[in-house]
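Trainee: Structure file upload.cif (mmCIF, C-alpha atoms) right here:
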data_final
loop_
_atom_site.label_atom_id
_atom_site.label_comp_id
_atom_site.auth_asym_id
_atom_site.auth_seq_id
_atom_site.Cartn_x
_atom_site.Cartn_y
_atom_site.Cartn_z
CA MET A 1 107.75 71.23 124.72
CA ALA A 2 105.23 71.10 121.88
CA LYS A 3 106.68 71.25 118.39
CA ARG A 4 105.88 74.41 116.45
CA PHE A 5 106.78 72.72 113.18
CA GLU A 6 105.86 69.08 112.74
CA LEU A 7 107.48 68.93 109.29
CA ILE A 8 110.85 70.51 108.51
CA VAL A 9 111.81 70.54 104.82
CA PHE A 10 115.41 71.17 103.78
CA ASP A 11 116.87 72.24 100.50
CA TRP A 12 119.98 70.17 99.75
CA ASP A 13 122.75 72.05 97.87
CA GLY A 14 124.05 74.99 99.85
CA THR A 15 121.86 74.18 102.85
CA LEU A 16 122.92 70.72 103.99
CA MET A 17 125.79 70.06 101.60
CA ASP A 18 128.62 72.49 100.85
CA SER A 19 128.21 72.15 97.09
CA ALA A 20 127.43 75.61 95.74
CA ALA A 21 130.98 76.27 94.50
CA ALA A 22 131.09 72.89 92.73
CA ILE A 23 127.80 73.63 90.95
CA VAL A 24 129.10 77.02 89.80
CA ARG A 25 132.28 75.44 88.44
CA ALA A 26 130.31 72.74 86.61
CA ILE A 27 128.03 75.29 84.95
CA GLN A 28 130.97 77.43 83.89
CA ALA A 29 132.97 74.46 82.58
CA SER A 30 130.04 73.10 80.58
CA ALA A 31 129.48 76.51 78.97
CA ALA A 32 133.16 76.64 78.03
CA ASP A 33 132.95 73.12 76.57
CA LEU A 34 130.24 74.31 74.18
CA GLY A 35 132.11 77.50 73.27
CA LEU A 36 129.47 79.69 74.94
CA PRO A 37 130.04 82.77 77.12
CA VAL A 38 131.00 81.61 80.59
CA PRO A 39 128.58 83.02 83.19
CA SER A 40 129.91 84.98 86.14
CA ASP A 41 130.04 83.37 89.56
CA ALA A 42 127.07 85.49 90.66
CA ARG A 43 124.94 84.52 87.66
CA ALA A 44 125.76 80.83 88.07
CA ARG A 45 125.11 80.96 91.81
CA HIS A 46 121.71 82.55 91.27
CA VAL A 47 120.33 79.42 89.56
CA ILE A 48 121.31 76.96 92.29
CA GLY A 49 118.16 75.24 93.51
CA LEU A 50 116.32 75.38 90.20
CA GLY A 51 115.73 72.36 88.00
CA LEU A 52 118.65 71.85 85.63
CA ASN A 53 116.92 73.01 82.44
CA ASP A 54 115.62 76.18 84.12
CA ALA A 55 119.04 76.78 85.64
CA LEU A 56 120.90 76.50 82.35
CA HIS A 57 118.33 78.68 80.55
CA TYR A 58 119.08 81.53 82.96
CA ALA A 59 122.80 80.96 83.47
CA VAL A 60 123.59 80.60 79.76
CA PRO A 61 120.89 82.48 77.81
CA GLU A 62 122.89 82.05 74.58
CA LEU A 63 122.31 78.28 74.74
CA ALA A 64 120.19 77.08 71.82
CA GLU A 65 117.33 74.78 72.69
CA SER A 66 118.79 72.09 70.45
CA ASP A 67 121.99 72.14 72.51
CA TYR A 68 120.31 71.57 75.88
CA PRO A 69 120.94 67.80 75.95
CA ARG A 70 124.65 68.35 75.23
CA MET A 71 124.91 71.08 77.87
CA VAL A 72 123.19 68.88 80.44
CA GLU A 73 125.56 66.04 79.61
CA ARG A 74 128.61 68.26 80.08
CA TYR A 75 127.26 69.69 83.33
CA ARG A 76 126.67 66.23 84.75
CA TYR A 77 130.12 65.14 83.62
CA HIS A 78 131.82 68.00 85.43
CA TYR A 79 129.66 67.83 88.56
CA LEU A 80 129.62 64.06 88.98
CA SER A 81 133.37 63.79 88.49
CA GLY A 82 133.82 65.17 92.00
CA ASP A 83 130.49 65.09 93.80
CA ASP A 84 131.51 62.15 95.98
CA GLN A 85 134.21 64.41 97.44
CA LEU A 86 131.72 67.06 98.60
CA THR A 87 131.04 67.32 102.31
CA LEU A 88 128.10 68.21 104.50
CA PHE A 89 128.31 71.45 106.43
CA ASP A 90 129.78 70.97 109.89
CA GLY A 91 127.26 69.55 112.34
CA THR A 92 124.69 68.57 109.71
CA VAL A 93 124.50 64.90 110.69
CA GLU A 94 124.01 65.82 114.35
CA LEU A 95 121.41 68.45 113.41
CA ILE A 96 119.32 66.07 111.31
CA ALA A 97 119.67 63.18 113.75
CA GLY A 98 118.63 65.43 116.63
CA LEU A 99 115.53 66.71 114.85
CA ARG A 100 114.51 63.16 113.97
CA GLU A 101 115.05 62.04 117.56
CA ARG A 102 112.85 64.87 118.82
CA GLY A 103 110.00 63.60 116.65
CA HIS A 104 110.01 65.97 113.69
CA LEU A 105 109.09 64.73 110.26
CA LEU A 106 111.96 65.54 107.89
CA ALA A 107 111.97 65.99 104.12
CA VAL A 108 114.09 67.29 101.25
CA ALA A 109 112.89 69.53 98.41
CA THR A 110 115.68 70.00 95.89
CA GLY A 111 116.53 71.12 92.39
CA LYS A 112 118.60 67.95 92.00
CA SER A 113 117.42 65.06 89.89
CA ARG A 114 116.13 61.94 91.64
CA LYS A 115 119.26 60.06 90.63
CA GLY A 116 121.45 62.89 91.90
CA LEU A 117 119.68 63.13 95.24
CA GLU A 118 119.77 59.39 95.83
CA ARG A 119 123.49 59.42 95.10
CA ALA A 120 124.00 62.31 97.55
CA LEU A 121 121.87 60.72 100.26
CA SER A 122 123.84 57.51 99.90
CA PHE A 123 127.36 58.88 100.14
CA SER A 124 126.44 61.45 102.81
CA GLY A 125 124.79 58.86 105.05
CA LEU A 126 121.69 61.02 105.58
CA GLY A 127 119.21 58.89 103.64
CA GLU A 128 117.84 57.06 106.68
CA TYR A 129 116.72 60.24 108.41
CA PHE A 130 114.25 61.63 105.86
CA HIS A 131 110.62 60.60 105.69
CA ALA A 132 110.05 61.90 102.14
CA THR A 133 111.85 63.74 99.34
CA ARG A 134 110.97 65.61 96.15
CA CYS A 135 113.21 66.43 93.17
CA ALA A 136 113.00 68.81 90.24
CA ASP A 137 112.74 66.07 87.60
CA GLU A 138 109.54 64.69 89.15
CA CYS A 139 107.88 67.97 90.16
CA PHE A 140 107.57 71.56 89.03
CA SER A 141 110.81 73.42 89.70
CA LYS A 142 111.08 75.99 92.49
CA PRO A 143 109.57 78.47 93.19
CA HIS A 144 106.42 76.55 92.21
CA PRO A 145 104.84 75.17 95.42
CA ALA A 146 104.33 71.62 94.10
CA MET A 147 107.20 70.03 96.04
CA LEU A 148 105.97 71.36 99.36
CA ASP A 149 102.32 70.72 98.53
CA GLU A 150 103.09 67.09 97.73
CA LEU A 151 105.26 66.60 100.82
CA MET A 152 102.59 68.02 103.12
CA ASP A 153 99.94 65.86 101.47
CA GLU A 154 102.07 62.70 101.67
CA LEU A 155 102.94 63.23 105.34
CA GLY A 156 99.58 64.61 106.42
CA VAL A 157 100.87 67.96 107.68
CA ALA A 158 99.08 71.32 107.56
CA GLN A 159 100.69 74.48 106.20
CA ALA A 160 101.00 76.05 109.65
CA SER A 161 103.05 73.06 110.85
CA CYS A 162 105.58 73.08 107.98
CA LEU A 163 108.91 74.94 107.78
CA MET A 164 111.04 75.27 104.63
CA ILE A 165 114.77 75.89 105.09
CA GLY A 166 116.96 77.00 102.19
CA ASP A 167 119.85 79.11 100.98
CA THR A 168 118.19 80.72 97.95
CA THR A 169 115.35 83.07 97.13
CA HIS A 170 113.86 80.19 95.11
CA ASP A 171 113.41 78.24 98.35
CA LEU A 172 111.83 81.15 100.18
CA GLN A 173 109.53 82.02 97.29
CA MET A 174 108.43 78.37 97.09
CA ALA A 175 107.60 78.52 100.79
CA LYS A 176 105.52 81.67 100.28
CA ASN A 177 103.73 80.13 97.31
CA ALA A 178 102.89 77.05 99.39
CA GLY A 179 101.72 79.13 102.35
CA VAL A 180 104.39 77.84 104.73
CA ALA A 181 107.07 79.49 106.85
CA GLY A 182 110.54 79.99 105.39
CA LEU A 183 113.91 80.11 107.14
CA ALA A 184 116.99 81.38 105.27
CA VAL A 185 120.60 80.30 105.63
CA SER A 186 123.21 82.71 104.27
CA PHE A 187 126.13 80.26 104.04
CA GLY A 188 125.00 78.82 100.69
CA ALA A 189 124.34 80.29 97.26
CA HIS A 190 122.45 83.60 97.51
CA PRO A 191 123.63 86.84 99.15
CA VAL A 192 122.13 87.71 102.53
CA GLU A 193 120.48 90.92 101.27
CA GLN A 194 118.53 88.95 98.63
CA LEU A 195 117.42 86.42 101.21
CA GLN A 196 116.31 89.07 103.69
CA ALA A 197 114.29 90.80 100.95
CA GLU A 198 112.01 87.74 100.96
CA VAL A 199 111.24 88.41 104.66
CA PRO A 200 111.88 84.92 106.08
CA LEU A 201 111.22 84.08 109.72
CA ALA A 202 114.94 84.58 110.24
CA CYS A 203 118.23 84.47 108.36
CA VAL A 204 120.97 82.48 110.08
CA HIS A 205 124.60 82.79 109.08
CA THR A 206 126.32 79.59 110.20
CA PRO A 207 125.33 75.93 110.55
CA ALA A 208 125.72 76.33 114.32
CA GLU A 209 123.24 79.23 114.29
CA LEU A 210 120.82 77.08 112.30
CA ARG A 211 120.95 74.36 114.92
CA GLU A 212 120.47 76.87 117.75
CA TRP A 213 117.53 78.54 115.99
CA LEU A 214 115.77 75.21 115.44
CA GLU A 215 116.33 74.12 119.03
CA ARG A 216 114.75 77.35 120.28
CA ASN A 217 111.99 77.84 117.73
CA ALA A 218 111.02 74.62 115.94
#
Can the structure in the file be given as structure tokens, please?

Mentor:
Amino acid sequence: MAKRFELIVFDWDGTLMDSAAAIVRAIQASAADLGLPVPSDARARHVIGLGLNDALHYAVPELAESDYPRMVERYRYHYLSGDDQLTLFDGTVELIAGLRERGHLLAVATGKSRKGLERALSFSGLGEYFHATRCADECFSKPHPAMLDELMDELGVAQASCLMIGDTTHDLQMAKNAGVAGLAVSFGAHPVEQLQAEVPLACVHTPAELREWLERNA
């Protein structure tokens, strides 16, 4: 059967890796380290997927610009102290391997830094499956379309043949801004009602549903 989407682009945190709670804890702990108001879980979850500076600006608006480097250092300390213990969502390896075997081009567009993504790809074992990746420290942060624009250009894929999959409104808005289809997963960072407000192709609620949807529709 002909492929509807030649290129499938995944967000990382909250879409492939079950890391949203760890990111929230790291943001909250770093704010506490600096004696700043600790953001609520909902506020910290909202920024997942953004580049780190943009994320901290929203999550901790009291943070002075001069304190950004210190806040970033504390965030990385708290997150990296346990990131090698994070796990992929159930069935993720089989999902990605199956898509690759069926001839799809696969990519990652993430708010992580390049160093952070390479670390995650290494310890997760998924690095070999992706044809290209883009990170927030080498591109405009979501929801700017630059990551998707660059991936499509690098891999020679038209907008109509590209699908973006993510767990946040930032992912879906980036897809809209790049003129590509967006698919939402509700098992990550953002609430389902916020995801559905962006009118994605669909909103799936479990990793198993994601695999089934892609097998039927991609």

Trainee: Which one of A:Gln159, A:Thr15, A:Ser30, A:Gln196 sits closest to Gly91 of chain A if you count only C-alpha atoms?

Mentor: A:Thr15

Trainee: Would you kindly return, as a ChimeraX atom specification, each protein, DNA or RNA residue with an atom no farther than 9 Å from any atom of segment 17-26 of chain A, considering all atoms listed in the file and excluding same-chain residues fewer than 2 positions away?

Mentor: /A:12-15,28-31,39-45,48,74-79,82-83,86-89,92,120,124,187-189

Trainee: Using only C-alpha atoms, can you tell me which of A:Val108, A:Leu148, A:Ile27, A:Ala218 comes closest to Ala132 of chain A?

Mentor: A:Val108

Trainee: What is the distance, in Å and to one decimal place, between atom CA of Val185 of chain A and atom CA of Thr168 of chain A?

Mentor: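 Distance reported for this atom pair: 8.1 Å.
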
Trainee: Between A:Arg134, A:Arg114, A:His190, A:His144, single out the one closest to Phe10 of chain A, counting all atoms listed in the file.

Mentor: A:Arg134

Trainee: What's the 9 Å shell around Ile96 of chain A, counting only C-alpha atoms, without same-chain residues fewer than 3 positions away, as number ranges by chain?

Mentor: A: 91-93, 99-101, 106, 126, 129-130

Trainee: Quick one, how far is atom CA of Val204 of chain A from atom CA of Glu128 of chain A?

Mentor: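 These atoms are spaced 25.8 Å apart.
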
Trainee: Starting from the PyMOL selection byres ((chain A and resi 135) around 12), expand the selection into actual residues of this file and give them as a PDB file with C-alpha atoms, in the frame of the given file.

Mentor:
ATOM      1  CA  PHE A  10     115.410  71.170 103.780  1.00  0.00           C
ATOM      2  CA  ASP A  11     116.870  72.240 100.500  1.00  0.00           C
ATOM      3  CA  TRP A  12     119.980  70.170  99.750  1.00  0.00           C
ATOM      4  CA  GLY A  49     118.160  75.240  93.510  1.00  0.00           C
ATOM      5  CA  LEU A  50     116.320  75.380  90.200  1.00  0.00           C
ATOM      6  CA  GLY A  51     115.730  72.360  88.000  1.00  0.00           C
ATOM      7  CA  LEU A  52     118.650  71.850  85.630  1.00  0.00           C
ATOM      8  CA  ALA A 107     111.970  65.990 104.120  1.00  0.00           C
ATOM      9  CA  VAL A 108     114.090  67.290 101.250  1.00  0.00           C
ATOM     10  CA  ALA A 109     112.890  69.530  98.410  1.00  0.00           C
ATOM     11  CA  THR A 110     115.680  70.000  95.890  1.00  0.00           C
ATOM     12  CA  GLY A 111     116.530  71.120  92.390  1.00  0.00           C
ATOM     13  CA  LYS A 112     118.600  67.950  92.000  1.00  0.00           C
ATOM     14  CA  SER A 113     117.420  65.060  89.890  1.00  0.00           C
ATOM     15  CA  ARG A 114     116.130  61.940  91.640  1.00  0.00           C
ATOM     16  CA  LYS A 115     119.260  60.060  90.630  1.00  0.00           C
ATOM     17  CA  GLY A 116     121.450  62.890  91.900  1.00  0.00           C
ATOM     18  CA  LEU A 117     119.680  63.130  95.240  1.00  0.00           C
ATOM     19  CA  GLU A 118     119.770  59.390  95.830  1.00  0.00           C
ATOM     20  CA  ALA A 132     110.050  61.900 102.140  1.00  0.00           C
ATOM     21  CA  THR A 133     111.850  63.740  99.340  1.00  0.00           C
ATOM     22  CA  ARG A 134     110.970  65.610  96.150  1.00  0.00           C
ATOM     23  CA  ALA A 136     113.000  68.810  90.240  1.00  0.00           C
ATOM     24  CA  ASP A 137     112.740  66.070  87.600  1.00  0.00           C
ATOM     25  CA  GLU A 138     109.540  64.690  89.150  1.00  0.00           C
ATOM     26  CA  CYS A 139     107.880  67.970  90.160  1.00  0.00           C
ATOM     27  CA  PHE A 140     107.570  71.560  89.030  1.00  0.00           C
ATOM     28  CA  SER A 141     110.810  73.420  89.700  1.00  0.00           C
ATOM     29  CA  LYS A 142     111.080  75.990  92.490  1.00  0.00           C
ATOM     30  CA  ALA A 146     104.330  71.620  94.100  1.00  0.00           C
ATOM     31  CA  MET A 147     107.200  70.030  96.040  1.00  0.00           C
ATOM     32  CA  LEU A 148     105.970  71.360  99.360  1.00  0.00           C
ATOM     33  CA  GLU A 150     103.090  67.090  97.730  1.00  0.00           C
ATOM     34  CA  LEU A 151     105.260  66.600 100.820  1.00  0.00           C
TER      35      LEU A 151
END

Trainee: What separation in Å, quoted to one decimal, exists between atom CA of Leu195 of chain A and atom CA of Gly166 of chain A?

Mentor: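 Taking atom CA of Leu195 of chain A as the start and atom CA of Gly166 of chain A as the end point, the length is 9.5 Å.
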
Trainee: For the file shown, what are the residues hit by the PyMOL selection byres ((chain A and resi 183) around 6), laid out as a ChimeraX atom specification?

Mentor: /A:165,182,184,200-202

Trainee: Running the PyMOL selection byres ((chain A and resi 177) around 10) on this model by hand, what would come out? Give it as a PyMOL selection string.

Mentor: chain A and resi 142-146+148-149+171-176+178-180

Trainee: So that I can check the surroundings of Val47 of chain A, please list as a PyMOL selection string every protein, DNA and RNA residue that reaches within 8 Å of it, counting all atoms listed in the file and ignoring chain neighbours fewer than 6 positions away.

Mentor: chain A and resi 54-56+58-59

Trainee: Filtering to C-alpha atoms, could you give me those residues as a tab-separated table (two decimals), in the coordinates of the input?

Mentor:
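That gives us result13.tsv:
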chain	number	residue	atom	x	y	z
A	54	ASP	CA	115.62	76.18	84.12
A	55	ALA	CA	119.04	76.78	85.64
A	56	LEU	CA	120.90	76.50	82.35
A	58	TYR	CA	119.08	81.53	82.96
A	59	ALA	CA	122.80	80.96	83.47

Trainee: Go through A:Met71, A:Leu105, A:Val38, A:Leu121 one by one, measure the shortest atom-to-atom distance of each to Glu154 of chain A using all atoms listed in the file, and give the residue with the smallest value.

Mentor: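 Using all atoms listed in the file, Glu154 of chain A sits closest to A:Leu105.
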
Trainee: What's the 9 Å shell around Tyr68 of chain A, counting only C-alpha atoms, without same-chain residues fewer than 4 positions away, as a list in words?

Mentor: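 That gives Asn53, Leu56, His57, Leu63, Ala64, Val72 and Glu73 of chain A.
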
Trainee: Can those selected residues be exported to a file as a compact mmCIF listing (two decimals), in the frame of the given file so that it contains C-alpha atoms?

Mentor:
# COMPACT_ATOMS: atom_id res chain seq x y z
CA ASN A 53 116.92 73.01 82.44
CA LEU A 56 120.90 76.50 82.35
CA HIS A 57 118.33 78.68 80.55
CA LEU A 63 122.31 78.28 74.74
CA ALA A 64 120.19 77.08 71.82
CA VAL A 72 123.19 68.88 80.44
CA GLU A 73 125.56 66.04 79.61

Trainee: For Ile8 of chain A, which residue out of A:Leu95, A:Leu80, A:Met164, A:Ala181 is the nearest one, using all atoms listed in the file?

Mentor: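 Between A:Leu95, A:Leu80, A:Met164, A:Ala181, the residue approaching Ile8 of chain A most closely is A:Met164.
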